[in-house]
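Q: Sharing query_11.txt below, compact mmCIF, C-alpha atoms:
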# COMPACT_ATOMS: atom_id res chain seq x y z
CA MET A 17 13.29 21.93 16.08
CA HIS A 18 10.24 21.77 18.31
CA TYR A 19 9.01 18.35 19.42
CA ARG A 20 5.50 17.00 19.82
CA THR A 21 4.09 14.04 21.73
CA LEU A 22 3.11 11.12 19.51
CA GLY A 23 -0.52 10.80 20.54
CA ARG A 24 -0.60 9.78 24.18
CA THR A 25 2.40 7.47 23.98
CA GLY A 26 4.70 9.95 25.71
CA ILE A 27 7.19 9.61 22.82
CA LYS A 28 8.52 12.97 21.59
CA VAL A 29 8.96 13.38 17.85
CA SER A 30 9.84 16.16 15.43
CA PRO A 31 7.01 17.72 13.36
CA TYR A 32 8.92 16.61 10.27
CA CYS A 33 9.28 12.85 9.90
CA LEU A 34 11.87 11.67 7.39
CA GLY A 35 10.19 9.26 5.00
CA ALA A 36 12.52 6.66 3.48
CA MET A 37 10.42 5.48 0.53
CA MET A 38 12.83 7.10 -1.93
CA PHE A 39 15.83 5.18 -0.57
CA GLY A 40 16.80 2.13 -2.60
CA LYS A 41 16.40 0.91 -6.15
CA MET A 42 12.96 2.49 -6.49
CA ALA A 43 14.43 6.01 -6.57
CA ASN A 44 17.94 6.46 -5.12
CA ALA A 45 20.12 3.35 -5.12
CA ASP A 46 23.21 5.20 -3.88
CA HIS A 47 23.45 4.02 -0.26
CA ASP A 48 26.09 6.58 0.65
CA ALA A 49 23.99 9.44 -0.70
CA CYS A 50 20.94 8.20 1.20
CA THR A 51 23.01 7.94 4.37
CA ARG A 52 24.10 11.57 3.97
CA ILE A 53 20.45 12.59 3.66
CA ILE A 54 19.56 10.72 6.85
CA HIS A 55 22.51 12.18 8.78
CA LYS A 56 21.75 15.72 7.59
CA ALA A 57 18.13 15.38 8.72
CA LEU A 58 19.23 14.06 12.12
CA ASP A 59 21.76 16.87 12.51
CA PHE A 60 18.98 19.37 11.78
CA GLY A 61 16.92 17.96 14.64
CA VAL A 62 14.64 15.47 12.90
CA ASN A 63 14.38 12.46 15.22
CA PHE A 64 11.58 10.55 13.49
CA ILE A 65 12.14 8.18 10.52
CA ASP A 66 9.46 6.19 8.71
CA THR A 67 10.02 3.35 6.26
CA ALA A 68 8.36 0.05 5.27
CA ASP A 69 9.48 -3.49 4.51
CA ARG A 70 8.17 -3.33 0.96
CA TYR A 71 10.02 -0.13 -0.01
CA SER A 72 12.51 -1.32 -2.64
CA ASP A 73 11.95 -4.87 -1.40
CA GLY A 74 13.58 -4.22 1.96
CA GLU A 75 16.49 -2.14 0.66
CA SER A 76 15.12 1.03 2.26
CA GLU A 77 15.17 -0.62 5.68
CA GLU A 78 18.72 -1.81 5.09
CA ILE A 79 19.88 1.71 4.19
CA VAL A 80 18.19 3.21 7.24
CA GLY A 81 19.68 0.52 9.47
CA LYS A 82 23.22 1.19 8.24
CA ALA A 83 22.79 4.95 8.56
CA LEU A 84 21.61 4.70 12.17
CA LYS A 85 24.57 2.74 13.49
CA GLY A 86 25.79 4.60 16.54
CA ARG A 87 22.71 6.88 16.51
CA ARG A 88 19.86 4.42 16.93
CA ASP A 89 18.98 5.40 20.52
CA HIS A 90 18.36 9.01 19.45
CA VAL A 91 15.83 8.11 16.74
CA VAL A 92 12.16 7.16 16.86
CA LEU A 93 12.12 4.47 14.19
CA ALA A 94 8.91 3.45 12.41
CA THR A 95 8.30 0.83 9.76
CA LYS A 96 5.32 -0.94 8.23
CA PHE A 97 4.14 -4.38 7.13
CA THR A 98 1.34 -6.14 5.12
CA GLY A 99 2.73 -5.43 1.64
CA PRO A 100 3.92 -8.41 -0.43
CA MET A 101 7.51 -9.44 0.26
CA GLY A 102 7.68 -12.37 -2.15
CA LYS A 103 5.61 -14.52 -4.50
CA ASN A 104 4.33 -16.76 -1.73
CA PRO A 105 0.75 -15.67 -0.89
CA ASN A 106 1.57 -15.96 2.82
CA GLN A 107 4.45 -13.47 2.58
CA GLN A 108 2.07 -10.56 3.06
CA GLY A 109 -1.03 -9.50 4.95
CA GLY A 110 -2.00 -9.43 8.59
CA SER A 111 -2.01 -13.05 9.73
CA ARG A 112 -0.16 -13.94 12.91
CA ARG A 113 1.93 -16.28 10.78
CA TRP A 114 3.16 -13.44 8.58
CA ILE A 115 3.44 -10.64 11.16
CA VAL A 116 5.82 -12.74 13.28
CA GLN A 117 7.98 -13.39 10.22
CA ALA A 118 7.73 -9.82 8.95
CA VAL A 119 8.89 -8.18 12.16
CA GLU A 120 11.94 -10.44 12.32
CA GLY A 121 12.83 -9.50 8.75
CA SER A 122 12.49 -5.79 9.50
CA LEU A 123 14.54 -6.06 12.69
CA ARG A 124 17.30 -7.83 10.78
CA ARG A 125 17.37 -5.32 7.92
CA LEU A 126 17.20 -2.34 10.29
CA GLY A 127 19.99 -3.78 12.43
CA THR A 128 18.12 -3.19 15.68
CA ASP A 129 16.54 -5.21 18.46
CA HIS A 130 13.32 -3.20 18.56
CA ILE A 131 11.05 -1.04 16.42
CA ASP A 132 9.58 2.05 18.06
CA LEU A 133 6.44 2.19 15.91
CA TYR A 134 5.23 -0.82 13.91
CA GLN A 135 2.39 -0.05 11.50
CA VAL A 136 -0.16 -1.97 9.48
CA HIS A 137 0.53 -0.56 6.00
CA ARG A 138 -3.04 -1.29 4.85
CA MET A 139 -5.71 -3.11 6.82
CA PRO A 140 -6.20 -6.49 5.08
CA ALA A 141 -9.86 -7.24 4.38
CA ASP A 142 -9.41 -10.99 4.89
CA THR A 143 -8.09 -10.81 8.46
CA ASP A 144 -9.95 -10.19 11.73
CA VAL A 145 -8.68 -7.06 13.45
CA GLU A 146 -8.44 -9.10 16.66
CA GLU A 147 -5.86 -11.36 14.97
CA ILE A 148 -3.74 -8.34 14.13
CA LEU A 149 -4.10 -6.62 17.51
CA SER A 150 -3.37 -9.76 19.51
CA THR A 151 -0.21 -10.46 17.52
CA LEU A 152 1.04 -6.89 17.83
CA THR A 153 0.26 -6.92 21.55
CA ASP A 154 2.38 -10.06 21.93
CA LEU A 155 5.23 -8.39 20.02
CA MET A 156 5.06 -5.45 22.43
CA ARG A 157 5.22 -7.76 25.43
CA ALA A 158 8.17 -9.55 23.86
CA GLY A 159 10.01 -6.21 23.51
CA LYS A 160 10.29 -6.38 19.73
CA ILE A 161 8.13 -3.28 19.21
CA ARG A 162 7.34 -0.37 21.52
CA THR A 163 3.97 0.66 20.13
CA PHE A 164 1.92 0.17 16.98
CA GLY A 165 -0.47 1.88 14.60
CA ALA A 166 -1.93 1.73 11.11
CA SER A 167 -1.88 3.61 7.82
CA THR A 168 -4.71 4.91 5.64
CA VAL A 169 -7.55 3.47 7.72
CA PRO A 170 -11.13 4.82 7.56
CA ALA A 171 -12.71 6.19 10.72
CA SER A 172 -15.08 3.24 11.04
CA ASP A 173 -12.19 0.75 11.14
CA ILE A 174 -10.32 2.89 13.68
CA VAL A 175 -13.37 2.81 15.96
CA GLU A 176 -13.82 -0.94 15.51
CA ALA A 177 -10.17 -1.58 16.34
CA GLN A 178 -10.39 0.55 19.48
CA HIS A 179 -13.49 -1.31 20.66
CA VAL A 180 -11.99 -4.73 19.94
CA ALA A 181 -8.86 -3.81 21.87
CA GLU A 182 -10.89 -2.69 24.88
CA ARG A 183 -13.21 -5.71 24.77
CA ARG A 184 -10.38 -8.24 24.46
CA GLY A 185 -7.89 -6.52 26.76
CA LEU A 186 -5.40 -5.90 23.96
CA ALA A 187 -3.09 -2.99 23.22
CA ARG A 188 -4.63 -0.53 20.78
CA PHE A 189 -3.63 1.41 17.72
CA ARG A 190 -1.76 4.49 18.91
CA THR A 191 -1.18 6.16 15.55
CA GLU A 192 -2.64 6.64 12.10
CA GLN A 193 -0.74 7.55 8.92
CA PRO A 194 -3.16 8.98 6.32
CA PRO A 195 -2.67 11.02 3.14
CA TYR A 196 -3.15 14.71 3.92
CA SER A 197 -2.33 17.94 2.12
CA ILE A 198 -3.99 21.13 0.96
CA LEU A 199 -5.24 19.13 -2.03
CA ASN A 200 -6.43 16.11 -0.02
CA ARG A 201 -8.51 17.15 2.97
CA SER A 202 -11.22 14.49 3.20
CA ILE A 203 -9.76 13.05 6.42
CA GLU A 204 -10.74 16.29 8.16
CA ARG A 205 -14.36 15.06 8.15
CA GLU A 206 -14.05 11.89 10.23
CA VAL A 207 -10.55 10.40 10.42
CA LEU A 208 -8.83 13.29 12.20
CA PRO A 209 -11.64 13.92 14.73
CA THR A 210 -11.69 10.16 15.46
CA CYS A 211 -7.93 10.11 16.02
CA GLN A 212 -8.25 13.08 18.38
CA ARG A 213 -11.04 11.31 20.28
CA TYR A 214 -8.82 8.30 20.92
CA GLY A 215 -5.63 10.27 21.54
CA MET A 216 -3.85 8.88 18.47
CA GLY A 217 -0.79 10.42 16.88
CA VAL A 218 -1.13 11.27 13.18
CA MET A 219 1.66 11.39 10.58
CA ALA A 220 0.61 12.67 7.17
CA TRP A 221 2.02 11.05 4.06
CA SER A 222 2.21 13.02 0.81
CA PRO A 223 1.88 16.46 2.46
CA LEU A 224 2.94 17.94 -0.89
CA GLY A 225 0.12 16.25 -2.79
CA LYS A 226 2.46 13.74 -4.48
CA GLY A 227 4.67 16.65 -5.50
CA MET A 228 1.95 18.81 -7.01
CA LEU A 229 2.51 21.39 -4.25
CA THR A 230 6.20 21.83 -5.03
CA GLY A 231 5.25 24.42 -7.65
CA LYS A 232 6.97 22.51 -10.46
CA TYR A 233 3.69 21.49 -12.06
CA ARG A 234 1.81 24.37 -13.69
CA LYS A 235 -1.30 24.69 -15.76
CA GLY A 236 -0.61 25.04 -19.47
CA GLU A 237 3.02 24.00 -19.10
CA ARG A 238 4.70 20.76 -20.07
CA THR A 239 4.72 18.23 -17.24
CA PRO A 240 8.30 17.90 -15.94
CA ASP A 241 10.05 14.62 -16.62
CA SER A 242 10.07 13.59 -12.97
CA LEU A 243 9.83 10.40 -10.95
CA ARG A 244 6.42 11.51 -9.68
CA ALA A 245 5.14 12.07 -13.20
CA LYS A 246 6.36 8.59 -14.14
CA PHE A 247 4.56 6.83 -11.28
CA SER A 248 1.53 9.14 -11.00
CA PRO A 249 0.88 10.55 -14.50
CA LYS A 250 -2.82 11.25 -13.90
CA ALA A 251 -2.22 12.96 -10.58
CA MET A 252 0.44 15.27 -11.99
CA SER A 253 -1.77 16.42 -14.88
CA ASP A 254 -5.08 16.56 -13.01
CA ALA A 255 -7.01 19.69 -14.04
CA GLY A 256 -8.61 20.30 -10.65
CA SER A 257 -5.25 20.09 -8.87
CA LEU A 258 -3.59 22.40 -11.38
CA ASP A 259 -6.40 24.94 -11.02
CA ALA A 260 -5.95 24.94 -7.25
CA VAL A 261 -2.17 25.30 -7.59
CA GLU A 262 -2.59 28.37 -9.79
CA GLN A 263 -4.61 30.00 -7.00
CA LEU A 264 -2.30 28.84 -4.22
CA ILE A 265 0.94 30.13 -5.74
CA PRO A 266 0.00 33.85 -5.58
CA LEU A 267 -1.33 33.29 -2.05
CA ALA A 268 2.03 31.86 -0.99
CA GLU A 269 3.86 34.74 -2.69
CA SER A 270 1.72 37.29 -0.86
CA ALA A 271 2.61 35.54 2.40
CA GLY A 272 6.30 35.72 1.51
CA VAL A 273 6.85 31.96 1.32
CA SER A 274 7.12 29.29 -1.35
CA LEU A 275 4.17 27.07 -2.23
CA MET A 276 6.06 24.05 -0.88
CA HIS A 277 6.73 25.67 2.47
CA MET A 278 3.16 26.90 2.74
CA ALA A 279 1.92 23.37 2.04
CA LEU A 280 4.08 21.82 4.77
CA ALA A 281 3.18 24.55 7.26
CA PHE A 282 -0.50 23.98 6.51
CA VAL A 283 -0.23 20.30 7.42
CA VAL A 284 1.66 20.73 10.69
CA SER A 285 -0.68 23.56 11.77
CA HIS A 286 -3.63 21.17 12.20
CA PRO A 287 -4.09 20.31 15.90
CA ALA A 288 -4.61 16.61 15.11
CA LEU A 289 -1.35 16.30 13.16
CA THR A 290 1.79 15.16 14.92
CA ALA A 291 4.11 15.23 11.91
CA ALA A 292 4.35 15.64 8.16
CA ILE A 293 6.33 12.92 6.39
CA ILE A 294 8.87 14.43 4.02
CA GLY A 295 10.37 12.08 1.43
CA PRO A 296 13.42 13.62 -0.27
CA ARG A 297 15.33 11.71 -2.93
CA THR A 298 18.37 14.00 -2.90
CA GLU A 299 20.23 16.23 -0.44
CA GLU A 300 19.13 19.26 -2.45
CA GLN A 301 15.49 18.28 -1.99
CA LEU A 302 16.04 17.79 1.74
CA ASP A 303 17.66 21.23 2.04
CA GLY A 304 14.66 22.78 0.32
CA LEU A 305 12.21 21.03 2.61
CA LEU A 306 14.05 21.83 5.84
CA SER A 307 14.49 25.49 4.93
CA GLY A 308 10.77 26.00 5.52
CA ALA A 309 10.71 24.56 9.04
CA THR A 310 10.22 27.98 10.65
CA VAL A 311 7.26 29.00 8.46
CA ARG A 312 4.13 29.77 10.49
CA LEU A 313 0.84 30.56 8.73
CA ASP A 314 -1.53 33.13 10.18
CA ASP A 315 -5.32 32.81 10.17
CA ASP A 316 -5.74 35.04 7.11
CA VAL A 317 -3.62 32.70 4.98
CA LEU A 318 -5.38 29.60 6.35
CA ASP A 319 -8.75 31.22 5.60
CA CYS A 320 -7.65 31.84 2.01
CA ILE A 321 -6.53 28.22 1.67
CA ASP A 322 -9.97 27.13 2.92
CA ALA A 323 -11.58 29.30 0.25
CA ILE A 324 -9.48 27.69 -2.51
CA VAL A 325 -9.79 24.10 -1.29
CA PRO A 326 -12.69 23.75 1.18
CA PRO A 327 -12.16 21.79 4.40
CA GLY A 328 -12.98 18.10 4.10
CA VAL A 329 -12.62 18.04 0.30
CA ASP A 330 -10.26 16.00 -1.89
CA VAL A 331 -9.23 17.88 -5.03
CA ALA A 332 -6.34 15.67 -6.11
CA PRO A 333 -6.72 12.01 -7.13
CA LEU A 334 -4.68 9.55 -5.06
CA GLU A 335 -4.70 6.95 -7.87
CA GLY A 336 -5.47 3.94 -5.71
CA ALA A 337 -2.94 4.79 -2.98
CA ALA A 338 -5.63 5.65 -0.44
CA TYR A 339 -7.93 3.18 1.29
CA ALA A 340 -10.52 1.48 -0.93
CA PRO A 341 -13.28 -0.33 1.02
CA PRO A 342 -13.86 -3.94 -0.08
CA ALA A 343 -17.36 -3.02 -1.25
CA ILE A 344 -15.82 -0.53 -3.67
CA SER A 345 -12.89 -2.60 -4.88
CA ASN A 346 -14.82 -5.90 -5.15
CA SER A 347 -17.84 -5.68 -7.47
CA ALA A 348 -19.20 -9.02 -6.19
CA LEU A 349 -20.01 -7.31 -2.88
CA ARG A 350 -22.25 -4.81 -4.69
CA ARG A 351 -24.14 -7.23 -6.92
CA ARG A 352 -26.60 -10.00 -6.20
CA SER A 353 -26.39 -13.15 -8.28
CA PRO A 354 -28.04 -12.65 -11.71
CA ASP A 355 -31.14 -14.69 -10.82
CA GLU A 356 -31.80 -12.52 -7.75
CA ARG A 357 -31.52 -9.09 -9.36
CA ALA A 358 -35.07 -8.67 -10.60
CA ALA A 359 -37.73 -7.22 -8.27
CA ALA A 360 -40.38 -9.59 -9.59
Just dump the structure as structure tokens.
A:
Amino acid sequence: MHYRTLGRTGIKVSPYCLGAMMFGKMANADHDACTRIIHKALDFGVNFIDTADRYSDGESEEIVGKALKGRRDHVVLATKFTGPMGKNPNQQGGSRRWIVQAVEGSLRRLGTDHIDLYQVHRMPADTDVEEILSTLTDLMRAGKIRTFGASTVPASDIVEAQHVAERRGLARFRTEQPPYSILNRSIEREVLPTCQRYGMGVMAWSPLGKGMLTGKYRKGERTPDSLRAKFSPKAMSDAGSLDAVEQLIPLAESAGVSLMHMALAFVVSHPALTAAIIGPRTEEQLDGLLSGATVRLDDDVLDCIDAIVPPGVDVAPLEGAAYAPPAISNSALRRRSPDERAAA
């Protein structure tokens, strides 16, 4: 396994990051089986694990923590916060009040005294970025986290956060975790160039397009009865995505690789990308993912991919998982009061 520097942090990580979203009651509640997956990935050379407090209501973190006993110092451990962790409205978000509580909960579940990378799962619209940065800076100085970043943030918010950090003398976001795959390339327009400008590491979630790029989902065929199809029914039957897949499969075959391996190799070939987050539910799935680690795409194949799905274009729907600006998600921000809507 080759290793890459996580932005300009100096931390070395594997180009595959093991995502732990599938561990726990949400997908795989067998703790022993999940532990075997983690150990197999580590034995292969993967040294980067990403989870979040809200995955299976903390169970994912607990599984990861148990699996890393005796191996913690060899792993770059990342987790995330802001998602709801209870019915109390203050058990979520980016307030100093909650971040301080959230990190303690994650540390306890992970069974560690520090988190290598602590990430804002989604930037909360009701919280000043300075509030978030100042709290995370304090956590760094206290030794509870080593560095921090964010997930699924638009380029404009990345720039604002960098400027606020510089103006206030605070630590800055060192990483970004966006959705990126052959089917979702919109971040190539602004997000990735912005991350490169600020020397940020980038870990792509859903590099297989929510599973569409596994090759299991084909045009004109019955949608498999899978976990992905259950949680993302529209995405797994999207006509535009299926059309692209039908063109990508023969391209992969001509290159002598599977569609899944071509998709992962495409993601890690981008110069802005540090790692692709792989999220297996079973050992068999992990074996399939890792078997493509040596695949390298040449320019001819990348040119053909560009012809099928143009750079900077999203073909596949993310069904609300990506960032939605407040002005898009809140209609009140797009509409004047009724008595002010007429021009005369």
Q: Rank A:Ala177, A:Ile161, A:Val218, A:Ala251 by their smallest atom-to-atom distance to Ala337 in chain A, using only C-alpha atoms, and report the top residue only.
A: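 Looking only at the distances to Ala337 in chain A, the closest residue turns out to be A:Ala251.
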Q: Identify, on the basis of only C-alpha atoms, every residue whose closest approach to range 194-198 of chain A does not exceed 8 Å; exclude the query and any residue fewer than 3 positions from it along the same chain; express the result as a VMD selection string.
A: chain A and resid 167 to 169 201 203 218 to 225 279 to 280 282 to 283 321 325 338
Q: Find the spatial neighbours of Arg184 in chain A, counting only C-alpha atoms, within a cut-off of 10 Å - ignore same-chain residues fewer than 6 positions away - and output them as a list in words.
A: Glu146, Leu149 and Ser150 of chain A
Q: Rank nothing, just name the residue among A:Asp144, A:Glu120, A:Asp319, A:Asp330 nearest to Asp69 in chain A, using only C-alpha atoms.
A: A:Glu120
Q: Nearest to Ala166 in chain A: which of A:His47, A:His137, A:Lys41, A:Lys235 is it, counting all atoms listed in the file?
A: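 Once distances to Ala166 in chain A are computed over all atoms listed in the file, the minimum belongs to A:His137.
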Q: So how many Å separate CA of Glu269 in chain A and CA of Leu229 in chain A, to one decimal?
A: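 Computing the Euclidean distance for CA of Glu269 in chain A and CA of Leu229 in chain A yields 13.5 Å.
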Q: One decimal, Å: what's the distance from CA of Ser253 in chain A over to CA of Gln301 in chain A, could you say?
A: 21.6 Å
Q: Would you please work out which residue, of A:Gly328, A:Val175, A:Leu152, A:Gly272, is nearest to Arg312 in chain A when using only C-alpha atoms?
A: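 Of all the options, A:Gly272 lies closest to Arg312 in chain A.
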Q: I'd like the contact shell of Gly40 in chain A - 7 Å cut-off, all atoms listed in the file, skipping same-chain residues fewer than 4 positions apart - returned as number ranges by chain.
A: A: 44-45, 72, 75-76
Q: Please identify every residue of range 138-193 of chain A that has at least one atom no farther than 8 Å from an atom of range 87-101 of chain A, counting all atoms listed in the file, and for each give the shortest atom pair and the distance in Å to one decimal, arranged by chain then increasing number, as a tab-separated table.
A:
residue	atom	partner	partner_atom	distance
A:Arg138	CA	A:Thr98	CA	6.5
A:Met139	CA	A:Thr98	CA	7.9
A:Pro140	CA	A:Thr98	CA	7.5
Q: For Gly109 in chain A, which residue out of A:Asp132, A:Glu237, A:Glu147, A:Asp73 is the nearest one, using all atoms listed in the file?
A: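 Distance minimum relative to Gly109 in chain A lands on A:Glu147.
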Q: In terms of the shortest atom-to-atom distance over only C-alpha atoms, which of A:Thr191, A:Gly86, A:Gln178, A:Gly159 is closest to Ile27 in chain A?
A: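 Closest to Ile27 in chain A of all the choices is A:Thr191.
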